[in-house]
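Colleague: Here it is: the structure, laid out below.
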Amino acid sequence: LGPVAVFGASNFPLAFSVAGGDTAAALAAGCPVVVKGHSAHPGTGEIVAQAIDAAIKATGVHPGVFSLVQGGKRDIGTRLVQHPLIRAVGFTGSLGGGRALFDLCAQRDEPIPFFGELGSVNPMFILPRAAAARGVEIGAGWATSLTMGAGQFCTNPGIAVIIAGPDADAFQSAAEAGLSSVDDQTMLTDGIAAAYRDGVSRVAAGTGVSKVMGTGCDGRVSAPYLFTVSGDDWLADHKLQEEVFGPLGIIVRVKDIEQMQQIARAIEGQLTCTLHLDEDDKPAAQALLPLLERKAGRLLANSFPTGVEVCDSMVHGGPYPASTNFGATSVGTLSIRRFLRPVCYQDIPSDLLPEKL
């Protein structure tokens, strides 16, 4: 495509920042990269950029292949995406910031593609037989997944949908016990911690929401929170499906499988959706899967989505607002396709074709 602007993520200073997946994919596609370093970790960004510069010098690659821009406020990002030589943008961050840059890319005289990963609550659907047989185990596992890295994973499963009743009670008790045993964790930045506190307050104020546990946060120190709400109230309050970046979980207690399907229809675009099921749950799962495959880029069964493997089959993206381009992935082999443009050579004499063809 040409030069690509990459905006480093705040929550992954290595894997999704200066030399992260977006940079690697763009370079592999033959595109020079201009990275806008994240203000949360300028020192780390500089060290990684120096390593890239050393590799460029050692291999004789043209020095213009990689550049790092540090400092500044939003005006720097604005000028970067509007620069006429930039041909595409890779972004990992908030919905608000990403949407603003997306709009700027679309408003250019010649619009350019914006590949943004913006937010996801990654719902889990716990089907009845699995809840009865393994509800306690699933609840404990969910607590571990929720608090991994202080909940600062874009694949953090923030919502669990389960049919109300004794099995839901057992699941909730196990999740509460697991979360209560977690020590206080330090979040990466003051901004992330402040946004987490705001998210906790927003959820707590939601219609019909009850707090199960949560002890408060101080500065960058976070504590897990667990809330519960009925399916009716969740469906009536859109704010309850907005991402809270941190160790917060919401248990949505639905009436039956039909209301679980309503939840699946109502959710916005996600990075992941998970089904917990046993053999006798397959008819219900068959009804849910056609709904969920339209909502997420990665579907899981009987596991937790927090980890993302870099492999050929991985899809890390989904319908908006999970990402701005539902046909792309920012992780795995296919991520290179974001920065390539197909060209068809029809009836061109072979001695005129590019050497690689």
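Following the order of the structure tokens, first chain is A, next is B, and so on, with residues numbered from 1 inside each chain and ligands from 1 in the order they appear.
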Taking 2 positions as the minimum chain separation for residues in the same chain, which residues sit within 10 Å of Lys295 in chain A when counting only C-alpha atoms? Answer as a list of chain:residue names.
Modeller: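 The residues that qualify are A:Ala264, A:Arg265, A:Ala266, A:Ile267, A:Glu268, A:Gly269, A:Gln270, A:Leu271, A:Thr272, A:Cys273, A:Leu289, A:Pro290, A:Leu291, A:Leu292, A:Glu293, A:Gly297, A:Arg298, A:Leu299, A:Gly318, A:Pro319, A:Tyr320, A:Ala322, A:Phe326.
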Colleague: So which residues touch Val308 in chain A within 9 Å, counting only C-alpha atoms, skipping near sequence neighbours fewer than 6 positions away, as a list in words?
Modeller: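 Counting only C-alpha atoms, the residues come to Thr155, Met314, His316 and Val331 of chain A.
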Colleague: Write a file of the just-selected residues containing all heavy atoms, as a PDB file, in the first residue's frame.
Modeller:
```
ATOM      1  N   THR A 155      -9.421  -9.214  25.316  1.00  0.00           N
ATOM      2  CA  THR A 155     -10.264 -10.417  25.234  1.00  0.00           C
ATOM      3  C   THR A 155     -10.816 -10.820  26.602  1.00  0.00           C
ATOM      4  O   THR A 155     -11.268 -11.955  26.780  1.00  0.00           O
ATOM      5  CB  THR A 155      -9.453 -11.580  24.638  1.00  0.00           C
ATOM      6  OG1 THR A 155      -8.201 -11.685  25.337  1.00  0.00           O
ATOM      7  CG2 THR A 155      -9.193 -11.359  23.158  1.00  0.00           C
ATOM      8  N   MET A 314      -5.746 -17.861  13.536  1.00  0.00           N
ATOM      9  CA  MET A 314      -6.276 -16.883  14.488  1.00  0.00           C
ATOM     10  C   MET A 314      -6.976 -15.723  13.779  1.00  0.00           C
ATOM     11  O   MET A 314      -6.480 -15.191  12.775  1.00  0.00           O
ATOM     12  CB  MET A 314      -5.142 -16.345  15.367  1.00  0.00           C
ATOM     13  CG  MET A 314      -5.595 -15.305  16.402  1.00  0.00           C
ATOM     14  SD  MET A 314      -6.989 -15.852  17.436  1.00  0.00           S
ATOM     15  CE  MET A 314      -6.272 -17.273  18.255  1.00  0.00           C
ATOM     16  N   HIS A 316      -8.310 -12.129  15.151  1.00  0.00           N
ATOM     17  CA  HIS A 316      -8.417 -11.168  16.250  1.00  0.00           C
ATOM     18  C   HIS A 316      -9.015  -9.893  15.672  1.00  0.00           C
ATOM     19  O   HIS A 316      -8.328  -8.964  15.275  1.00  0.00           O
ATOM     20  CB  HIS A 316      -7.042 -10.911  16.865  1.00  0.00           C
ATOM     21  CG  HIS A 316      -7.102 -10.171  18.171  1.00  0.00           C
ATOM     22  ND1 HIS A 316      -7.703 -10.682  19.298  1.00  0.00           N
ATOM     23  CD2 HIS A 316      -6.634  -8.942  18.521  1.00  0.00           C
ATOM     24  CE1 HIS A 316      -7.586  -9.818  20.290  1.00  0.00           C
ATOM     25  NE2 HIS A 316      -6.955  -8.751  19.838  1.00  0.00           N
ATOM     26  N   VAL A 331      -3.926 -10.233  14.476  1.00  0.00           N
ATOM     27  CA  VAL A 331      -3.037 -11.280  14.996  1.00  0.00           C
ATOM     28  C   VAL A 331      -3.065 -12.457  14.046  1.00  0.00           C
ATOM     29  O   VAL A 331      -4.126 -12.821  13.520  1.00  0.00           O
ATOM     30  CB  VAL A 331      -3.473 -11.723  16.416  1.00  0.00           C
ATOM     31  CG1 VAL A 331      -2.596 -12.878  16.897  1.00  0.00           C
ATOM     32  CG2 VAL A 331      -3.403 -10.566  17.400  1.00  0.00           C
TER      33      VAL A 331
END
```
Colleague: Might you pull out every residue within 7 Å of Leu118 in chain A, with only C-alpha atoms counted and same-chain residues fewer than 6 positions away left off, and present them as a list in words?
Modeller: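 The contact residues come out as Thr92, Gly93, Ser94, Leu95, Gly98, Pro321, Ala322 and Ser323 of chain A.
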Colleague: I'd like the neighbourhood of range 174-180 of chain A as a list in words, where a residue qualifies if any of its atoms comes within 9 Å (using only C-alpha atoms), though same-chain residues fewer than 2 positions away should be ignored.
Modeller: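 Near range 174-180 of chain A, the qualifying residues are Gly135, Val136, Glu137, Ile138, Gly139, Ala140, Gly141, Trp142, Ala143, Thr144, Leu146, Thr147, Asp169, Ala170, Phe171, Gln172, Val182, Asp183, Val212, Met213, Gly214, Ala223, Pro224, Tyr225, Leu226 and Pro247 of chain A.
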Colleague: If you run DSSP on the backbone, which residues of range 50-260 of chain A are helix (DSSP H, G or I), as a JSON list (two decimals) with N, CA and C atoms, in the first residue's frame?
Modeller:
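Wrote states_13.json, looks like this:
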```json
[["chain", "number", "residue", "atom", "x", "y", "z"],
["A", 50, "GLN", "N", 15.25, 1.65, 19.16],
["A", 50, "GLN", "CA", 16.71, 1.57, 18.99],
["A", 50, "GLN", "C", 17.12, 0.18, 18.51],
["A", 51, "ALA", "N", 16.44, -0.84, 19.00],
["A", 51, "ALA", "CA", 16.75, -2.21, 18.54],
["A", 51, "ALA", "C", 16.41, -2.36, 17.06],
["A", 52, "ILE", "N", 15.28, -1.80, 16.65],
["A", 52, "ILE", "CA", 14.92, -1.86, 15.23],
["A", 52, "ILE", "C", 15.94, -1.11, 14.39],
["A", 53, "ASP", "N", 16.36, 0.06, 14.88],
["A", 53, "ASP", "CA", 17.34, 0.86, 14.15],
["A", 53, "ASP", "C", 18.66, 0.09, 14.01],
["A", 54, "ALA", "N", 19.06, -0.61, 15.07],
["A", 54, "ALA", "CA", 20.28, -1.41, 15.00],
["A", 54, "ALA", "C", 20.15, -2.52, 13.96],
["A", 55, "ALA", "N", 18.98, -3.15, 13.89],
["A", 55, "ALA", "CA", 18.75, -4.21, 12.90],
["A", 55, "ALA", "C", 18.78, -3.64, 11.48],
["A", 56, "ILE", "N", 18.22, -2.45, 11.31],
["A", 56, "ILE", "CA", 18.22, -1.81, 9.99],
["A", 56, "ILE", "C", 19.66, -1.56, 9.53],
["A", 57, "LYS", "N", 20.48, -1.05, 10.45],
["A", 57, "LYS", "CA", 21.87, -0.76, 10.09],
["A", 57, "LYS", "C", 22.65, -2.05, 9.83],
["A", 58, "ALA", "N", 22.37, -3.08, 10.60],
["A", 58, "ALA", "CA", 23.11, -4.33, 10.45],
["A", 58, "ALA", "C", 22.79, -5.04, 9.14],
["A", 59, "THR", "N", 21.58, -4.85, 8.65],
["A", 59, "THR", "CA", 21.14, -5.56, 7.44],
["A", 59, "THR", "C", 21.19, -4.71, 6.19],
["A", 63, "PRO", "N", 17.01, 3.31, 5.81],
["A", 63, "PRO", "CA", 16.61, 3.85, 7.12],
["A", 63, "PRO", "C", 15.19, 4.41, 7.14],
["A", 64, "GLY", "N", 14.63, 4.74, 5.98],
["A", 64, "GLY", "CA", 13.27, 5.27, 5.95],
["A", 64, "GLY", "C", 12.19, 4.24, 6.14],
["A", 65, "VAL", "N", 12.57, 2.97, 6.29],
["A", 65, "VAL", "CA", 11.59, 1.90, 6.46],
["A", 65, "VAL", "C", 10.87, 2.02, 7.80],
["A", 74, "ARG", "N", -3.26, 14.89, 20.89],
["A", 74, "ARG", "CA", -4.05, 14.32, 19.79],
["A", 74, "ARG", "C", -3.75, 14.98, 18.45],
["A", 75, "ASP", "N", -3.24, 16.22, 18.48],
["A", 75, "ASP", "CA", -2.96, 16.90, 17.23],
["A", 75, "ASP", "C", -1.88, 16.18, 16.43],
["A", 76, "ILE", "N", -0.95, 15.51, 17.13],
["A", 76, "ILE", "CA", 0.10, 14.77, 16.43],
["A", 76, "ILE", "C", -0.50, 13.59, 15.68],
["A", 77, "GLY", "N", -1.39, 12.86, 16.36],
["A", 77, "GLY", "CA", -2.06, 11.74, 15.70],
["A", 77, "GLY", "C", -2.91, 12.20, 14.53],
["A", 78, "THR", "N", -3.57, 13.34, 14.70],
["A", 78, "THR", "CA", -4.40, 13.89, 13.63],
["A", 78, "THR", "C", -3.56, 14.21, 12.40],
["A", 79, "ARG", "N", -2.43, 14.87, 12.62],
["A", 79, "ARG", "CA", -1.57, 15.24, 11.50],
["A", 79, "ARG", "C", -0.98, 14.00, 10.83],
["A", 80, "LEU", "N", -0.71, 12.98, 11.63],
["A", 80, "LEU", "CA", -0.13, 11.76, 11.06],
["A", 80, "LEU", "C", -1.09, 11.07, 10.12],
["A", 81, "VAL", "N", -2.35, 10.86, 10.56],
["A", 81, "VAL", "CA", -3.30, 10.13, 9.70],
["A", 81, "VAL", "C", -3.75, 10.96, 8.51],
["A", 82, "GLN", "N", -3.59, 12.28, 8.58],
["A", 82, "GLN", "CA", -3.98, 13.13, 7.47],
["A", 82, "GLN", "C", -2.84, 13.42, 6.50],
["A", 95, "LEU", "N", -12.53, 3.13, 22.05],
["A", 95, "LEU", "CA", -13.56, 3.36, 21.04],
["A", 95, "LEU", "C", -13.58, 4.82, 20.62],
["A", 96, "GLY", "N", -13.52, 5.74, 21.61],
["A", 96, "GLY", "CA", -13.60, 7.16, 21.29],
["A", 96, "GLY", "C", -12.42, 7.63, 20.45],
["A", 97, "GLY", "N", -11.20, 7.28, 20.89],
["A", 97, "GLY", "CA", -10.02, 7.71, 20.14],
["A", 97, "GLY", "C", -9.94, 7.06, 18.78],
["A", 98, "GLY", "N", -10.25, 5.78, 18.71],
["A", 98, "GLY", "CA", -10.20, 5.09, 17.43],
["A", 98, "GLY", "C", -11.23, 5.59, 16.45],
["A", 99, "ARG", "N", -12.45, 5.87, 16.93],
["A", 99, "ARG", "CA", -13.49, 6.36, 16.03],
["A", 99, "ARG", "C", -13.12, 7.73, 15.47],
["A", 100, "ALA", "N", -12.48, 8.58, 16.31],
["A", 100, "ALA", "CA", -12.08, 9.91, 15.84],
["A", 100, "ALA", "C", -11.05, 9.79, 14.71],
["A", 101, "LEU", "N", -10.07, 8.89, 14.86],
["A", 101, "LEU", "CA", -9.07, 8.70, 13.82],
["A", 101, "LEU", "C", -9.68, 8.05, 12.57],
["A", 102, "PHE", "N", -10.59, 7.11, 12.79],
["A", 102, "PHE", "CA", -11.30, 6.46, 11.68],
["A", 102, "PHE", "C", -12.02, 7.51, 10.82],
["A", 103, "ASP", "N", -12.71, 8.43, 11.49],
["A", 103, "ASP", "CA", -13.44, 9.48, 10.77],
["A", 103, "ASP", "C", -12.49, 10.38, 9.99],
["A", 104, "LEU", "N", -11.33, 10.69, 10.58],
["A", 104, "LEU", "CA", -10.35, 11.52, 9.88],
["A", 104, "LEU", "C", -9.84, 10.83, 8.62],
["A", 105, "CYS", "N", -9.60, 9.51, 8.71],
["A", 105, "CYS", "CA", -9.15, 8.77, 7.54],
["A", 105, "CYS", "C", -10.20, 8.78, 6.44],
["A", 106, "ALA", "N", -11.47, 8.66, 6.84],
["A", 106, "ALA", "CA", -12.56, 8.65, 5.86],
["A", 106, "ALA", "C", -12.80, 10.02, 5.24],
["A", 107, "GLN", "N", -12.43, 11.08, 5.95],
["A", 107, "GLN", "CA", -12.68, 12.45, 5.48],
["A", 107, "GLN", "C", -11.57, 12.99, 4.58],
["A", 128, "PRO", "N", -27.40, -24.89, 29.90],
["A", 128, "PRO", "CA", -27.95, -25.49, 31.14],
["A", 128, "PRO", "C", -27.23, -26.74, 31.64],
["A", 129, "ARG", "N", -26.92, -27.69, 30.76],
["A", 129, "ARG", "CA", -26.30, -28.92, 31.22],
["A", 129, "ARG", "C", -24.88, -28.66, 31.73],
["A", 130, "ALA", "N", -24.17, -27.79, 31.04],
["A", 130, "ALA", "CA", -22.83, -27.44, 31.50],
["A", 130, "ALA", "C", -22.88, -26.73, 32.84],
["A", 131, "ALA", "N", -23.89, -25.85, 33.00],
["A", 131, "ALA", "CA", -24.04, -25.14, 34.28],
["A", 131, "ALA", "C", -24.32, -26.13, 35.41],
["A", 132, "ALA", "N", -25.14, -27.14, 35.14],
["A", 132, "ALA", "CA", -25.48, -28.11, 36.18],
["A", 132, "ALA", "C", -24.29, -29.00, 36.52],
["A", 133, "ALA", "N", -23.54, -29.40, 35.52],
["A", 133, "ALA", "CA", -22.45, -30.34, 35.73],
["A", 133, "ALA", "C", -21.15, -29.68, 36.17],
["A", 134, "ARG", "N", -20.91, -28.46, 35.65],
["A", 134, "ARG", "CA", -19.58, -27.85, 35.85],
["A", 134, "ARG", "C", -19.65, -26.37, 36.22],
["A", 135, "GLY", "N", -20.79, -25.92, 36.74],
["A", 135, "GLY", "CA", -20.95, -24.50, 37.02],
["A", 135, "GLY", "C", -19.90, -23.94, 37.97],
["A", 136, "VAL", "N", -19.59, -24.69, 39.01],
["A", 136, "VAL", "CA", -18.58, -24.24, 39.98],
["A", 136, "VAL", "C", -17.22, -24.14, 39.31],
["A", 137, "GLU", "N", -16.87, -25.14, 38.53],
["A", 137, "GLU", "CA", -15.57, -25.13, 37.83],
["A", 137, "GLU", "C", -15.49, -23.96, 36.85],
["A", 138, "ILE", "N", -16.58, -23.73, 36.11],
["A", 138, "ILE", "CA", -16.59, -22.63, 35.14],
["A", 138, "ILE", "C", -16.49, -21.28, 35.87],
["A", 139, "GLY", "N", -17.20, -21.14, 36.98],
["A", 139, "GLY", "CA", -17.14, -19.90, 37.75],
["A", 139, "GLY", "C", -15.74, -19.59, 38.25],
["A", 140, "ALA", "N", -15.05, -20.62, 38.74],
["A", 140, "ALA", "CA", -13.68, -20.43, 39.22],
["A", 140, "ALA", "C", -12.74, -20.06, 38.07],
["A", 141, "GLY", "N", -12.92, -20.73, 36.95],
["A", 141, "GLY", "CA", -12.08, -20.41, 35.79],
["A", 141, "GLY", "C", -12.33, -19.01, 35.26],
["A", 142, "TRP", "N", -13.59, -18.60, 35.31],
["A", 142, "TRP", "CA", -13.93, -17.24, 34.86],
["A", 142, "TRP", "C", -13.24, -16.20, 35.74],
["A", 143, "ALA", "N", -13.22, -16.43, 37.04],
["A", 143, "ALA", "CA", -12.55, -15.49, 37.95],
["A", 143, "ALA", "C", -11.07, -15.35, 37.60],
["A", 144, "THR", "N", -10.42, -16.45, 37.28],
["A", 144, "THR", "CA", -9.01, -16.40, 36.89],
["A", 144, "THR", "C", -8.82, -15.63, 35.60],
["A", 145, "SER", "N", -9.70, -15.88, 34.63],
["A", 145, "SER", "CA", -9.60, -15.19, 33.35],
["A", 145, "SER", "C", -9.85, -13.69, 33.50],
["A", 146, "LEU", "N", -10.85, -13.34, 34.31],
["A", 146, "LEU", "CA", -11.20, -11.93, 34.50],
["A", 146, "LEU", "C", -10.07, -11.11, 35.09],
["A", 147, "THR", "N", -9.28, -11.71, 35.94],
["A", 147, "THR", "CA", -8.26, -10.97, 36.68],
["A", 147, "THR", "C", -6.86, -11.13, 36.09],
["A", 148, "MET", "N", -6.72, -11.86, 35.01],
["A", 148, "MET", "CA", -5.41, -12.01, 34.38],
["A", 148, "MET", "C", -4.92, -10.65, 33.92],
["A", 149, "GLY", "N", -3.70, -10.30, 34.34],
["A", 149, "GLY", "CA", -3.16, -8.99, 33.95],
["A", 149, "GLY", "C", -4.01, -7.84, 34.44],
["A", 150, "ALA", "N", -4.62, -7.97, 35.63],
["A", 150, "ALA", "CA", -5.51, -6.94, 36.18],
["A", 150, "ALA", "C", -6.66, -6.61, 35.24],
["A", 151, "GLY", "N", -7.07, -7.61, 34.46],
["A", 151, "GLY", "CA", -8.21, -7.42, 33.56],
["A", 151, "GLY", "C", -7.91, -6.56, 32.35],
["A", 166, "PRO", "N", -30.71, -22.37, 40.77],
["A", 166, "PRO", "CA", -29.66, -22.87, 41.67],
["A", 166, "PRO", "C", -28.29, -23.03, 40.99],
["A", 167, "ASP", "N", -28.27, -23.44, 39.73],
["A", 167, "ASP", "CA", -26.99, -23.60, 39.03],
["A", 167, "ASP", "C", -26.31, -22.24, 38.83],
["A", 168, "ALA", "N", -27.10, -21.22, 38.56],
["A", 168, "ALA", "CA", -26.53, -19.87, 38.45],
["A", 168, "ALA", "C", -26.01, -19.40, 39.80],
["A", 169, "ASP", "N", -26.73, -19.75, 40.87],
["A", 169, "ASP", "CA", -26.26, -19.39, 42.22],
["A", 169, "ASP", "C", -24.91, -20.03, 42.51],
["A", 170, "ALA", "N", -24.75, -21.30, 42.16],
["A", 170, "ALA", "CA", -23.49, -22.00, 42.41],
["A", 170, "ALA", "C", -22.36, -21.40, 41.57],
["A", 171, "PHE", "N", -22.67, -21.08, 40.32],
["A", 171, "PHE", "CA", -21.68, -20.43, 39.45],
["A", 171, "PHE", "C", -21.24, -19.09, 40.04],
["A", 172, "GLN", "N", -22.21, -18.30, 40.49],
["A", 172, "GLN", "CA", -21.91, -16.99, 41.07],
["A", 172, "GLN", "C", -21.06, -17.13, 42.33],
["A", 173, "SER", "N", -21.40, -18.06, 43.18],
["A", 173, "SER", "CA", -20.64, -18.25, 44.42],
["A", 173, "SER", "C", -19.19, -18.63, 44.14],
["A", 174, "ALA", "N", -18.99, -19.49, 43.13],
["A", 174, "ALA", "CA", -17.63, -19.89, 42.78],
["A", 174, "ALA", "C", -16.85, -18.73, 42.20],
["A", 175, "ALA", "N", -17.50, -17.93, 41.37],
["A", 175, "ALA", "CA", -16.83, -16.76, 40.80],
["A", 175, "ALA", "C", -16.48, -15.76, 41.90],
["A", 176, "GLU", "N", -17.43, -15.55, 42.82],
["A", 176, "GLU", "CA", -17.18, -14.62, 43.93],
["A", 176, "GLU", "C", -16.00, -15.08, 44.79],
["A", 177, "ALA", "N", -15.97, -16.38, 45.09],
["A", 177, "ALA", "CA", -14.87, -16.92, 45.89],
["A", 177, "ALA", "C", -13.53, -16.75, 45.18],
["A", 178, "GLY", "N", -13.52, -17.01, 43.88],
["A", 178, "GLY", "CA", -12.29, -16.86, 43.13],
["A", 178, "GLY", "C", -11.81, -15.43, 43.08],
["A", 179, "LEU", "N", -12.73, -14.50, 42.85],
["A", 179, "LEU", "CA", -12.36, -13.09, 42.79],
["A", 179, "LEU", "C", -11.93, -12.55, 44.14],
["A", 180, "SER", "N", -12.57, -13.03, 45.21],
["A", 180, "SER", "CA", -12.24, -12.56, 46.56],
["A", 180, "SER", "C", -10.83, -12.96, 46.98],
["A", 190, "ASP", "N", -2.26, 5.56, 35.09],
["A", 190, "ASP", "CA", -3.28, 6.30, 35.83],
["A", 190, "ASP", "C", -4.56, 6.43, 35.01],
["A", 191, "GLY", "N", -4.40, 6.63, 33.69],
["A", 191, "GLY", "CA", -5.57, 6.79, 32.83],
["A", 191, "GLY", "C", -6.41, 5.53, 32.77],
["A", 192, "ILE", "N", -5.77, 4.36, 32.64],
["A", 192, "ILE", "CA", -6.52, 3.10, 32.63],
["A", 192, "ILE", "C", -7.24, 2.90, 33.95],
["A", 193, "ALA", "N", -6.55, 3.21, 35.07],
["A", 193, "ALA", "CA", -7.16, 3.03, 36.39],
["A", 193, "ALA", "C", -8.35, 3.96, 36.57],
["A", 194, "ALA", "N", -8.23, 5.20, 36.12],
["A", 194, "ALA", "CA", -9.34, 6.15, 36.24],
["A", 194, "ALA", "C", -10.53, 5.69, 35.40],
["A", 195, "ALA", "N", -10.25, 5.20, 34.19],
["A", 195, "ALA", "CA", -11.34, 4.71, 33.33],
["A", 195, "ALA", "C", -12.01, 3.50, 33.96],
["A", 196, "TYR", "N", -11.24, 2.64, 34.63],
["A", 196, "TYR", "CA", -11.82, 1.48, 35.30],
["A", 196, "TYR", "C", -12.75, 1.92, 36.42],
["A", 197, "ARG", "N", -12.33, 2.87, 37.23],
["A", 197, "ARG", "CA", -13.20, 3.36, 38.31],
["A", 197, "ARG", "C", -14.48, 3.95, 37.74],
["A", 198, "ASP", "N", -14.37, 4.69, 36.64],
["A", 198, "ASP", "CA", -15.57, 5.26, 36.01],
["A", 198, "ASP", "C", -16.49, 4.14, 35.52],
["A", 199, "GLY", "N", -15.89, 3.09, 34.95],
["A", 199, "GLY", "CA", -16.69, 1.97, 34.46],
["A", 199, "GLY", "C", -17.40, 1.25, 35.58],
["A", 200, "VAL", "N", -16.74, 1.06, 36.71],
["A", 200, "VAL", "CA", -17.37, 0.44, 37.87],
["A", 200, "VAL", "C", -18.58, 1.26, 38.31],
["A", 201, "SER", "N", -18.42, 2.57, 38.36],
["A", 201, "SER", "CA", -19.53, 3.45, 38.78],
["A", 201, "SER", "C", -20.68, 3.38, 37.79],
["A", 202, "ARG", "N", -20.35, 3.32, 36.50],
["A", 202, "ARG", "CA", -21.40, 3.27, 35.48],
["A", 202, "ARG", "C", -22.21, 1.99, 35.59],
["A", 203, "VAL", "N", -21.52, 0.86, 35.76],
["A", 203, "VAL", "CA", -22.23, -0.41, 35.88],
["A", 203, "VAL", "C", -23.06, -0.45, 37.16],
["A", 204, "ALA", "N", -22.48, 0.01, 38.26],
["A", 204, "ALA", "CA", -23.20, -0.02, 39.55],
["A", 204, "ALA", "C", -24.48, 0.79, 39.51],
["A", 231, "GLY", "N", -31.83, -10.65, 32.75],
["A", 231, "GLY", "CA", -31.80, -10.49, 31.30],
["A", 231, "GLY", "C", -32.64, -9.33, 30.83],
["A", 232, "ASP", "N", -33.82, -9.14, 31.44],
["A", 232, "ASP", "CA", -34.69, -8.02, 31.05],
["A", 232, "ASP", "C", -34.00, -6.69, 31.26],
["A", 233, "ASP", "N", -33.37, -6.51, 32.43],
["A", 233, "ASP", "CA", -32.72, -5.24, 32.72],
["A", 233, "ASP", "C", -31.49, -5.03, 31.85],
["A", 234, "TRP", "N", -30.75, -6.10, 31.58],
["A", 234, "TRP", "CA", -29.58, -5.94, 30.70],
["A", 234, "TRP", "C", -30.01, -5.51, 29.31],
["A", 235, "LEU", "N", -31.07, -6.11, 28.80],
["A", 235, "LEU", "CA", -31.54, -5.76, 27.45],
["A", 235, "LEU", "C", -32.04, -4.32, 27.39],
["A", 236, "ALA", "N", -32.52, -3.79, 28.52],
["A", 236, "ALA", "CA", -33.10, -2.45, 28.53],
["A", 236, "ALA", "C", -32.04, -1.36, 28.73],
["A", 238, "HIS", "N", -28.41, -0.20, 27.51],
["A", 238, "HIS", "CA", -27.28, -0.40, 26.59],
["A", 238, "HIS", "C", -25.94, -0.20, 27.26],
["A", 239, "LYS", "N", -25.86, 0.64, 28.27],
["A", 239, "LYS", "CA", -24.58, 0.91, 28.92],
["A", 239, "LYS", "C", -23.97, -0.33, 29.55],
["A", 240, "LEU", "N", -24.80, -1.33, 29.85],
["A", 240, "LEU", "CA", -24.30, -2.54, 30.48],
["A", 240, "LEU", "C", -23.53, -3.43, 29.53],
["A", 241, "GLN", "N", -23.59, -3.15, 28.23],
["A", 241, "GLN", "CA", -22.79, -3.94, 27.30],
["A", 241, "GLN", "C", -21.60, -3.17, 26.78],
["A", 257, "ILE", "N", -33.60, -20.33, 27.45],
["A", 257, "ILE", "CA", -32.76, -20.33, 26.25],
["A", 257, "ILE", "C", -33.22, -19.25, 25.28],
["A", 258, "GLU", "N", -34.52, -19.02, 25.20],
["A", 258, "GLU", "CA", -35.02, -18.01, 24.28],
["A", 258, "GLU", "C", -34.47, -16.63, 24.63],
["A", 259, "GLN", "N", -34.43, -16.30, 25.94],
["A", 259, "GLN", "CA", -33.88, -15.00, 26.30],
["A", 259, "GLN", "C", -32.36, -14.96, 26.11],
["A", 260, "MET", "N", -31.71, -16.09, 26.26],
["A", 260, "MET", "CA", -30.28, -16.16, 25.94],
["A", 260, "MET", "C", -30.05, -15.82, 24.47]]
```
Colleague: Arg253 in chain A: which residues within 6 Å, counting only C-alpha atoms, same-chain residues fewer than 3 positions away excluded, as a PDB file with all heavy atoms, in the first residue's frame?
Modeller:
```pdb
ATOM      1  N   ILE A 162     -26.276 -16.768  31.877  1.00  0.00           N
ATOM      2  CA  ILE A 162     -26.644 -18.067  32.441  1.00  0.00           C
ATOM      3  C   ILE A 162     -28.104 -18.035  32.849  1.00  0.00           C
ATOM      4  O   ILE A 162     -28.640 -16.971  33.215  1.00  0.00           O
ATOM      5  CB  ILE A 162     -25.729 -18.402  33.650  1.00  0.00           C
ATOM      6  CG1 ILE A 162     -25.923 -19.847  34.113  1.00  0.00           C
ATOM      7  CG2 ILE A 162     -25.918 -17.411  34.781  1.00  0.00           C
ATOM      8  CD1 ILE A 162     -24.862 -20.303  35.127  1.00  0.00           C
ATOM      9  N   ILE A 163     -28.790 -19.173  32.766  1.00  0.00           N
ATOM     10  CA  ILE A 163     -30.201 -19.233  33.150  1.00  0.00           C
ATOM     11  C   ILE A 163     -30.317 -19.158  34.673  1.00  0.00           C
ATOM     12  O   ILE A 163     -29.604 -19.857  35.407  1.00  0.00           O
ATOM     13  CB  ILE A 163     -30.856 -20.513  32.611  1.00  0.00           C
ATOM     14  CG1 ILE A 163     -30.870 -20.471  31.070  1.00  0.00           C
ATOM     15  CG2 ILE A 163     -32.272 -20.683  33.148  1.00  0.00           C
ATOM     16  CD1 ILE A 163     -31.407 -21.734  30.429  1.00  0.00           C
ATOM     17  N   ALA A 164     -31.193 -18.282  35.155  1.00  0.00           N
ATOM     18  CA  ALA A 164     -31.367 -18.078  36.595  1.00  0.00           C
ATOM     19  C   ALA A 164     -31.823 -19.368  37.279  1.00  0.00           C
ATOM     20  O   ALA A 164     -32.564 -20.174  36.706  1.00  0.00           O
ATOM     21  CB  ALA A 164     -32.395 -16.969  36.831  1.00  0.00           C
ATOM     22  N   SER A 230     -30.666  -9.023  35.775  1.00  0.00           N
ATOM     23  CA  SER A 230     -31.571  -9.900  35.027  1.00  0.00           C
ATOM     24  C   SER A 230     -31.418  -9.661  33.531  1.00  0.00           C
ATOM     25  O   SER A 230     -30.943  -8.606  33.084  1.00  0.00           O
ATOM     26  CB  SER A 230     -33.025  -9.622  35.424  1.00  0.00           C
ATOM     27  OG  SER A 230     -33.447  -8.362  34.914  1.00  0.00           O
ATOM     28  N   GLY A 231     -31.826 -10.648  32.749  1.00  0.00           N
ATOM     29  CA  GLY A 231     -31.796 -10.489  31.304  1.00  0.00           C
ATOM     30  C   GLY A 231     -32.645  -9.334  30.832  1.00  0.00           C
ATOM     31  O   GLY A 231     -32.257  -8.594  29.916  1.00  0.00           O
TER      32      GLY A 231
END
```
Colleague: Find the residue from A:Leu127, A:Ile336, A:Val252, A:Cys217 that sits nearest to Met187 in chain A; use only C-alpha atoms when measuring.
Modeller: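 For Met187 in chain A, the nearest of the given residues is A:Cys217.
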Colleague: Hey, what's within 12 Å of Gly20 in chain A if we count only C-alpha atoms and toss same-chain stuff fewer than 4 positions away? As an MDAnalysis selection string, please?
Modeller: chainID A and resid 6:16 24:27 33 35 37 45 48:49 52 90:92 310 330:332 335
